[in-house]
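Engineer: Sending over coords.txt (compact mmCIF, C-alpha atoms and all ligand atoms).
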```txt
# COMPACT_ATOMS: atom_id res chain seq x y z
CA MET C 2 34.15 -3.10 -15.06
CA SER C 3 34.96 -1.23 -11.88
CA GLU C 4 34.74 2.06 -10.03
CA LYS C 5 36.44 3.61 -13.03
CA LEU C 6 33.32 2.92 -15.07
CA ALA C 7 31.10 4.64 -12.49
CA LYS C 8 33.37 7.68 -12.58
CA GLN C 9 33.35 7.74 -16.36
CA LEU C 10 29.54 7.53 -16.49
CA ASN C 11 29.23 10.31 -13.89
CA ASN C 12 31.34 12.55 -16.11
CA GLU C 13 29.54 11.59 -19.29
CA PHE C 14 25.96 11.97 -18.04
CA ASN C 15 26.33 14.67 -15.42
CA GLU C 16 24.50 17.30 -17.45
CA LYS C 17 22.06 15.03 -19.29
CA GLU C 18 18.31 14.80 -18.74
CA THR C 19 17.11 11.71 -16.87
CA VAL C 20 15.18 10.19 -19.77
CA GLU C 21 18.08 10.85 -22.18
CA THR C 22 20.43 9.10 -19.77
CA LEU C 23 18.08 6.12 -19.40
CA LYS C 24 17.81 5.86 -23.20
CA ALA C 25 21.59 5.97 -23.65
CA LEU C 26 22.12 3.38 -20.91
CA ALA C 27 19.49 1.04 -22.39
CA GLU C 28 21.42 1.14 -25.68
CA ARG C 29 24.83 0.79 -24.09
CA PHE C 30 24.04 -2.09 -21.74
CA GLU C 31 21.53 -3.82 -24.05
CA GLU C 32 20.12 -6.88 -22.25
CA LYS C 33 22.21 -6.26 -19.14
CA ILE C 34 20.35 -3.40 -17.53
CA VAL C 35 17.69 -3.85 -14.89
CA PHE C 36 15.45 -1.67 -12.74
CA THR C 37 14.17 -3.00 -9.40
CA THR C 38 10.87 -1.55 -8.25
CA SER C 39 9.06 -1.87 -4.95
CA PHE C 40 6.23 0.36 -6.29
CA GLY C 41 7.04 3.32 -4.04
CA VAL C 42 6.48 6.78 -5.50
CA GLU C 43 10.13 7.11 -6.62
CA ASP C 44 10.00 3.76 -8.38
CA GLN C 45 6.75 4.67 -10.10
CA VAL C 46 8.40 7.77 -11.60
CA ILE C 47 11.19 5.64 -13.07
CA THR C 48 8.78 2.94 -14.26
CA ASP C 49 6.78 5.61 -16.08
CA MET C 50 9.90 6.94 -17.79
CA ILE C 51 10.99 3.46 -18.87
CA PHE C 52 7.61 2.22 -20.10
CA LYS C 53 6.39 5.47 -21.65
CA HIS C 54 9.53 5.75 -23.76
CA ASP C 55 9.55 2.05 -24.52
CA LEU C 56 13.10 1.65 -23.23
CA SER C 57 14.60 -1.78 -23.30
CA ILE C 58 15.29 -2.03 -19.59
CA LYS C 59 14.11 -5.08 -17.65
CA VAL C 60 11.78 -4.11 -14.79
CA VAL C 61 11.71 -6.51 -11.86
CA THR C 62 10.26 -6.63 -8.36
CA LEU C 63 11.00 -8.70 -5.26
CA ASP C 64 7.76 -10.25 -4.09
CA THR C 65 8.52 -11.16 -0.50
CA GLY C 66 5.04 -12.62 0.07
CA ARG C 67 4.52 -10.13 2.92
CA LEU C 68 3.73 -6.97 0.94
CA PHE C 69 0.75 -4.72 1.62
CA GLU C 70 -2.43 -5.35 -0.33
CA GLU C 71 -2.14 -1.71 -1.47
CA THR C 72 1.23 -2.51 -3.02
CA TYR C 73 -0.22 -5.41 -5.01
CA LYS C 74 -2.92 -3.03 -6.24
CA VAL C 75 -0.30 -0.61 -7.58
CA TYR C 76 1.47 -3.56 -9.20
CA SER C 77 -1.76 -4.55 -10.99
CA ARG C 78 -2.66 -0.99 -11.96
CA THR C 79 0.82 -0.45 -13.38
CA LEU C 80 0.53 -3.57 -15.53
CA GLU C 81 -2.88 -2.40 -16.74
CA LYS C 82 -1.68 1.11 -17.58
CA TYR C 83 1.43 0.23 -19.55
CA SER C 84 0.81 -3.37 -20.71
CA LYS C 85 4.49 -4.13 -20.10
CA PRO C 86 5.92 -6.91 -17.97
CA ILE C 87 7.22 -6.49 -14.43
CA HIS C 88 9.06 -9.70 -13.54
CA PRO C 89 8.55 -10.93 -9.97
CA TYR C 90 11.29 -12.74 -8.04
CA PHE C 91 10.04 -14.88 -5.17
CA PRO C 92 11.96 -16.36 -2.25
CA LYS C 93 13.18 -19.94 -2.68
CA ASN C 94 10.42 -22.05 -1.21
CA GLU C 95 12.68 -24.64 0.48
CA GLN C 96 14.63 -21.95 2.33
CA LEU C 97 11.52 -20.06 3.38
CA GLU C 98 9.60 -23.15 4.46
CA LYS C 99 12.52 -24.30 6.63
CA PHE C 100 12.94 -20.85 8.17
CA VAL C 101 9.25 -20.41 9.00
CA ALA C 102 8.96 -24.01 10.26
CA GLU C 103 11.87 -23.41 12.65
CA LYS C 104 11.20 -19.82 13.72
CA GLY C 105 7.52 -19.14 13.07
CA PRO C 106 5.86 -16.65 10.70
CA ASN C 107 6.69 -13.43 12.56
CA SER C 108 10.09 -14.19 14.08
CA PHE C 109 11.53 -10.89 12.79
CA TYR C 110 10.13 -9.14 15.88
CA ALA C 111 12.05 -11.47 18.21
CA SER C 112 15.65 -10.75 17.20
CA VAL C 113 17.78 -8.84 14.72
CA GLU C 114 19.27 -12.16 13.57
CA ASN C 115 15.84 -13.52 12.66
CA ARG C 116 14.92 -10.27 10.96
CA LYS C 117 18.10 -10.27 8.89
CA MET C 118 17.61 -13.92 7.98
CA CYS C 119 14.03 -13.17 6.88
CA CYS C 120 15.26 -10.22 4.75
CA HIS C 121 18.00 -12.40 3.33
CA ILE C 122 15.63 -15.18 2.28
CA ARG C 123 12.81 -12.97 1.07
CA LYS C 124 14.82 -10.12 -0.51
CA VAL C 125 18.59 -10.43 -0.75
CA GLU C 126 18.78 -13.91 -2.27
CA PRO C 127 16.06 -13.16 -4.87
CA LEU C 128 17.77 -9.85 -5.65
CA GLY C 129 20.99 -11.75 -6.34
CA ARG C 130 19.12 -13.81 -8.94
CA ALA C 131 17.49 -10.71 -10.43
CA LEU C 132 20.89 -9.03 -10.82
CA ALA C 133 22.81 -12.09 -12.02
CA GLY C 134 24.53 -11.34 -15.31
CA MET C 135 23.50 -7.67 -15.21
CA GLU C 136 25.95 -4.81 -15.65
CA CYS C 137 23.78 -1.85 -14.71
CA TRP C 138 21.22 -1.65 -11.89
CA ILE C 139 18.78 1.27 -11.74
CA THR C 140 17.27 2.18 -8.37
CA GLY C 141 14.97 4.84 -6.92
CA LEU C 142 17.35 5.96 -4.16
CA ARG C 143 17.32 9.67 -3.32
CA ALA C 144 20.04 11.54 -1.44
CA SER C 145 17.61 13.14 1.01
CA GLN C 146 16.15 9.78 2.09
CA SER C 147 18.80 9.39 4.77
CA GLN C 148 22.07 10.86 5.96
CA ASN C 149 24.16 7.96 4.75
CA ARG C 150 22.82 8.50 1.24
CA GLU C 151 24.16 12.05 1.09
CA GLY C 152 27.52 10.96 -0.37
CA LEU C 153 25.87 9.03 -3.19
CA GLU C 154 26.52 9.94 -6.80
CA PHE C 155 24.38 9.27 -9.86
CA PHE C 156 26.56 6.29 -10.72
CA ASN C 157 28.22 4.18 -8.03
CA TRP C 158 30.14 0.96 -8.26
CA ASP C 159 28.40 -1.78 -6.26
CA SER C 160 31.18 -4.13 -5.24
CA GLY C 161 28.73 -6.58 -3.64
CA PHE C 162 26.96 -7.29 -6.91
CA SER C 163 29.83 -6.23 -9.23
CA LEU C 164 27.85 -3.81 -11.32
CA VAL C 165 27.30 -0.13 -11.75
CA LYS C 166 24.32 1.30 -9.92
CA TYR C 167 22.45 4.28 -11.33
CA ASN C 168 20.26 6.48 -9.11
CA PRO C 169 18.41 8.77 -11.55
CA LEU C 170 16.34 10.50 -8.84
CA LEU C 171 19.34 11.24 -6.65
CA HIS C 172 18.55 14.94 -6.33
CA TRP C 173 14.76 14.71 -6.40
CA GLU C 174 12.77 15.47 -3.27
CA LEU C 175 9.75 13.45 -2.21
CA GLU C 176 7.49 16.31 -3.31
CA ASP C 177 9.01 16.25 -6.82
CA CYS C 178 8.09 12.57 -7.09
CA ARG C 179 4.56 13.16 -5.84
CA LYS C 180 4.11 16.02 -8.32
CA TYR C 181 5.41 13.87 -11.19
CA VAL C 182 3.01 10.99 -10.53
CA LEU C 183 0.02 13.30 -10.17
CA GLU C 184 0.81 15.32 -13.30
CA ASN C 185 1.52 12.23 -15.36
CA HIS C 186 -1.37 10.15 -14.02
CA VAL C 187 0.97 7.43 -12.80
CA PRO C 188 -0.56 4.87 -10.39
CA TYR C 189 0.84 5.28 -6.89
CA ASN C 190 0.56 3.52 -3.57
CA VAL C 191 -2.30 5.05 -1.55
CA LEU C 192 -0.34 4.31 1.63
CA HIS C 193 1.73 7.39 0.73
CA ASP C 194 -1.40 9.45 1.46
CA ARG C 195 -1.55 7.90 4.93
CA GLY C 196 1.93 8.89 6.15
CA PHE C 197 3.89 5.97 4.73
CA VAL C 198 7.06 7.10 2.97
CA SER C 199 9.36 4.10 2.51
CA ILE C 200 7.04 1.13 1.91
CA GLY C 201 8.34 -2.40 2.35
CA CYS C 202 6.79 -5.51 3.89
CA ALA C 203 3.53 -4.98 5.79
CA PRO C 204 4.66 -6.34 9.19
CA CYS C 205 7.82 -4.20 9.10
CA THR C 206 6.51 -0.87 7.81
CA ARG C 207 4.42 1.81 9.47
CA ALA C 208 3.50 5.42 8.85
CA ILE C 209 5.78 8.16 10.20
CA GLN C 210 4.93 11.40 11.97
CA PRO C 211 5.73 14.79 10.41
CA GLY C 212 9.41 15.59 11.07
CA GLU C 213 10.41 11.97 11.70
CA ASP C 214 13.29 10.43 9.77
CA PHE C 215 12.43 8.83 6.41
CA ARG C 216 13.43 5.39 7.69
CA ALA C 217 11.63 5.72 11.04
CA GLY C 218 8.72 3.66 9.73
CA ARG C 219 10.88 0.62 8.92
CA TRP C 220 11.83 -1.95 11.61
CA TRP C 221 10.94 0.68 14.22
CA TRP C 222 11.59 -1.76 17.08
CA GLU C 223 15.32 -1.99 16.18
CA ASP C 224 18.30 0.25 16.80
CA ASN C 225 18.89 2.70 13.97
CA SER C 226 22.37 1.26 13.39
CA LYS C 227 20.94 -2.19 12.58
CA LYS C 228 18.30 -1.03 10.09
CA GLU C 229 19.66 -2.52 6.91
CA CYS C 230 18.07 -5.20 4.82
CA GLY C 231 21.13 -5.87 2.70
CA LEU C 232 19.75 -4.56 -0.61
CA HIS C 233 21.56 -1.25 -0.60
CA LYS C 234 24.76 -0.39 1.16
CA HIS C 235 23.55 3.21 1.40
FE1 LIG B 301 10.91 -10.29 6.48
FE2 LIG B 301 10.23 -7.90 7.45
FE3 LIG B 301 12.48 -8.22 6.02
FE4 LIG B 301 10.09 -8.35 4.87
S1 LIG B 301 11.04 -6.54 5.80
S2 LIG B 301 11.76 -9.68 4.49
S3 LIG B 301 8.86 -9.41 6.45
S4 LIG B 301 11.99 -9.08 8.03
```
Since I need it in another form, could you write the structure as structure tokens?
Structural biologist:
Amino acid sequence: MSEKLAKQLNNEFNEKETVETLKALAERFEEKIVFTTSFGVEDQVITDMIFKHDLSIKVVTLDTGRLFEETYKVYSRTLEKYSKPIHPYFPKNEQLEKFVAEKGPNSFYASVENRKMCCHIRKVEPLGRALAGMECWITGLRASQSQNREGLEFFNWDSGFSLVKYNPLLHWELEDCRKYVLENHVPYNVLHDRGFVSIGCAPCTRAIQPGEDFRAGRWWWEDNSKKECGLHKH
């Protein structure tokens, strides 16, 4: 597998409907296809498509232990609505206990190094386990979320995790996602109604003002150039 595969899939599915593509991918990759959700509005659209059509795609989430209570509510409501499993991946307790013992519970505000280490332990390492053995990773990335996502394609080769990454909502706008969840009665995070757009861990996420960049509510105390958590290269 390589970039060639991503190119081939882009050609093959360019004109296909999202649900048709998801169905075809579920068949093609069998047990080796996974969707990671953080219960944002984009992710809820994809979850609805997967569960409603009973697609055999594993749905997983990274439970960092620092999520908003509102996020856990969406998690519960999603389980209730679809009666399908969403597999949580937690940080490794030894690593996290050592880190918090040495640095304290909120060390991410003190330095970029601490923040990156916290993201590594709570998100990147568990993501590595969630993606181990997988060949296709579905995400809720949209092109308009940030400038460095503008060059994204539907299918991209992720050299870090050695798999093909599929972004079904690439050309959706935030409003399209909101409309979809309302029309389809999909549970969504009420923080979206309070100005939160990209919702991650509670201590590191805040609402944005109209006109502010999509990522302005994440790690707002850091330089824009350093705002990466290591999950997505885009
Ligand atoms: Fe830690 Fe904040 Fe990263 Fe969450 S977003 S893993 S709390 S630094």
Engineer: Ligand LIG 301 (chain B): which residues are within 8 Å, counting all atoms listed in the file, as JSON, numbers by chain?
Structural biologist: {"C": [65, 67, 68, 107, 109, 115, 116, 117, 118, 119, 120, 121, 122, 123, 124, 201, 202, 203, 204, 205, 206, 219, 220, 230]}
Engineer: If we count only C-alpha atoms, what is near Tyr76 (chain C) at a cut-off of 9 Å, once residues fewer than 6 positions away on the same chain are taken out, given as a list in words?
Structural biologist: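 Contacts, with the query itself left out: Ser39, Phe40, Ile87 and Pro188 of chain C.
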Engineer: Any idea what the distance is between CA of Pro86 (chain C) and CA of Phe52 (chain C)?
Structural biologist: 9.5 Å
Engineer: Under the rule of at most 10 Å, produce a per-residue listing of region 133-194 of chain C near region 16-23 of chain C: chain, number, name, the closest pair of atoms, and the distance in Å, as CSV, using all atoms listed in the file.
Structural biologist:
```
residue,atom,partner,partner_atom,distance
C:Ile139,CA,C:Leu23,CA,9.1
C:Tyr167,CA,C:Leu23,CA,9.4
C:Asn168,CA,C:Thr19,CA,9.9
C:Pro169,CA,C:Thr19,CA,6.2
C:Leu170,CA,C:Thr19,CA,8.2
```
Engineer: Output C-alpha atoms for every residue in the selection just made, as a PDB file, in the frame of the given file.
Structural biologist:
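The result, stored in out19.pdb:
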```
ATOM      1  CA  ILE C 139      18.780   1.270 -11.740  1.00  0.00           C
ATOM      2  CA  TYR C 167      22.450   4.280 -11.330  1.00  0.00           C
ATOM      3  CA  ASN C 168      20.260   6.480  -9.110  1.00  0.00           C
ATOM      4  CA  PRO C 169      18.410   8.770 -11.550  1.00  0.00           C
ATOM      5  CA  LEU C 170      16.340  10.500  -8.840  1.00  0.00           C
TER       6      LEU C 170
END
```
Engineer: Find the residues near region 32-37 of chain C: any atom within 7 Å, counting all atoms listed in the file, skip ones fewer than 2 places away on the same chain, and give them as a PDB file with C-alpha atoms, in the frame of the given file.
Structural biologist:
```
ATOM      1  CA  ALA C  27      19.490   1.040 -22.390  1.00  0.00           C
ATOM      2  CA  PHE C  30      24.040  -2.090 -21.740  1.00  0.00           C
ATOM      3  CA  SER C  39       9.060  -1.870  -4.950  1.00  0.00           C
ATOM      4  CA  ILE C  58      15.290  -2.030 -19.590  1.00  0.00           C
ATOM      5  CA  LYS C  59      14.110  -5.080 -17.650  1.00  0.00           C
ATOM      6  CA  VAL C  60      11.780  -4.110 -14.790  1.00  0.00           C
ATOM      7  CA  VAL C  61      11.710  -6.510 -11.860  1.00  0.00           C
ATOM      8  CA  THR C  62      10.260  -6.630  -8.360  1.00  0.00           C
ATOM      9  CA  GLY C 134      24.530 -11.340 -15.310  1.00  0.00           C
ATOM     10  CA  MET C 135      23.500  -7.670 -15.210  1.00  0.00           C
ATOM     11  CA  GLU C 136      25.950  -4.810 -15.650  1.00  0.00           C
ATOM     12  CA  CYS C 137      23.780  -1.850 -14.710  1.00  0.00           C
ATOM     13  CA  TRP C 138      21.220  -1.650 -11.890  1.00  0.00           C
ATOM     14  CA  ILE C 139      18.780   1.270 -11.740  1.00  0.00           C
ATOM     15  CA  THR C 140      17.270   2.180  -8.370  1.00  0.00           C
TER      16      THR C 140
END
```
Engineer: Any idea what's packed within 10 Å of region 174-182 of chain C, counting only C-alpha atoms, ignoring anything in its chain fewer than 5 positions away? Could you give it as a ChimeraX atom specification?
Structural biologist: /C:41-47,49,143-146,187-189,193,198
Engineer: What is the CA of Leu56 (chain C) to CA of Lys24 (chain C) distance in Å?
Structural biologist: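 These two atoms are separated by 6.3 Å.
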Engineer: Work out how far apart CA of Lys8 (chain C) and CA of Ala133 (chain C) are and give it in Å to one decimal.
Structural biologist: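 Taking CA of Lys8 (chain C) as the start and CA of Ala133 (chain C) as the end point, the length is 22.4 Å.
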Engineer: Which is closer to Asn190 (chain C) than all the others in C:Trp173, C:Tyr90, C:Phe69, C:Trp158, using all atoms listed in the file?
Structural biologist: C:Phe69
Engineer: If we count all atoms listed in the file and set the cut-off at 8 Å, which residues sit around Tyr83 (chain C), ignoring sequence neighbours fewer than 2 positions away in its own chain? Please answer as number ranges by chain.
Structural biologist: C: 52-53, 79-81, 85
Engineer: Store the residues picked out above, limited to C-alpha atoms, as a CSV table (one decimal), in the frame of the given file.
Structural biologist:
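Result file result24.csv:
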```
chain,number,residue,atom,x,y,z
C,52,PHE,CA,7.6,2.2,-20.1
C,53,LYS,CA,6.4,5.5,-21.6
C,79,THR,CA,0.8,-0.4,-13.4
C,80,LEU,CA,0.5,-3.6,-15.5
C,81,GLU,CA,-2.9,-2.4,-16.7
C,85,LYS,CA,4.5,-4.1,-20.1
```
Engineer: For Glu13 (chain C), work out the shell of residues within 12 Å, counting all atoms listed in the file and skipping chain neighbours fewer than 6 positions away, then give it as a PyMOL selection string.
Structural biologist: chain C and resi 6-7+21-22+25-26+155-156
Engineer: Can you write just those residues out, C-alpha atoms, as a CSV table (one decimal), in the coordinates of the input?
Structural biologist:
```
chain,number,residue,atom,x,y,z
C,6,LEU,CA,33.3,2.9,-15.1
C,7,ALA,CA,31.1,4.6,-12.5
C,21,GLU,CA,18.1,10.8,-22.2
C,22,THR,CA,20.4,9.1,-19.8
C,25,ALA,CA,21.6,6.0,-23.6
C,26,LEU,CA,22.1,3.4,-20.9
C,155,PHE,CA,24.4,9.3,-9.9
C,156,PHE,CA,26.6,6.3,-10.7
```
Engineer: Which residues of region 138-169 of chain C come within 12 Å of region 127-130 of chain C, and for each one, what is the closest pair of atoms and their distance in Å to one decimal, counting only C-alpha atoms, sorted by chain and residue number, as a tab-separated table?
Structural biologist:
```
residue	atom	partner	partner_atom	distance
C:Trp138	CA	C:Leu128	CA	10.9
C:Gly161	CA	C:Gly129	CA	9.7
C:Phe162	CA	C:Gly129	CA	7.5
C:Ser163	CA	C:Gly129	CA	10.8
C:Leu164	CA	C:Gly129	CA	11.6
```
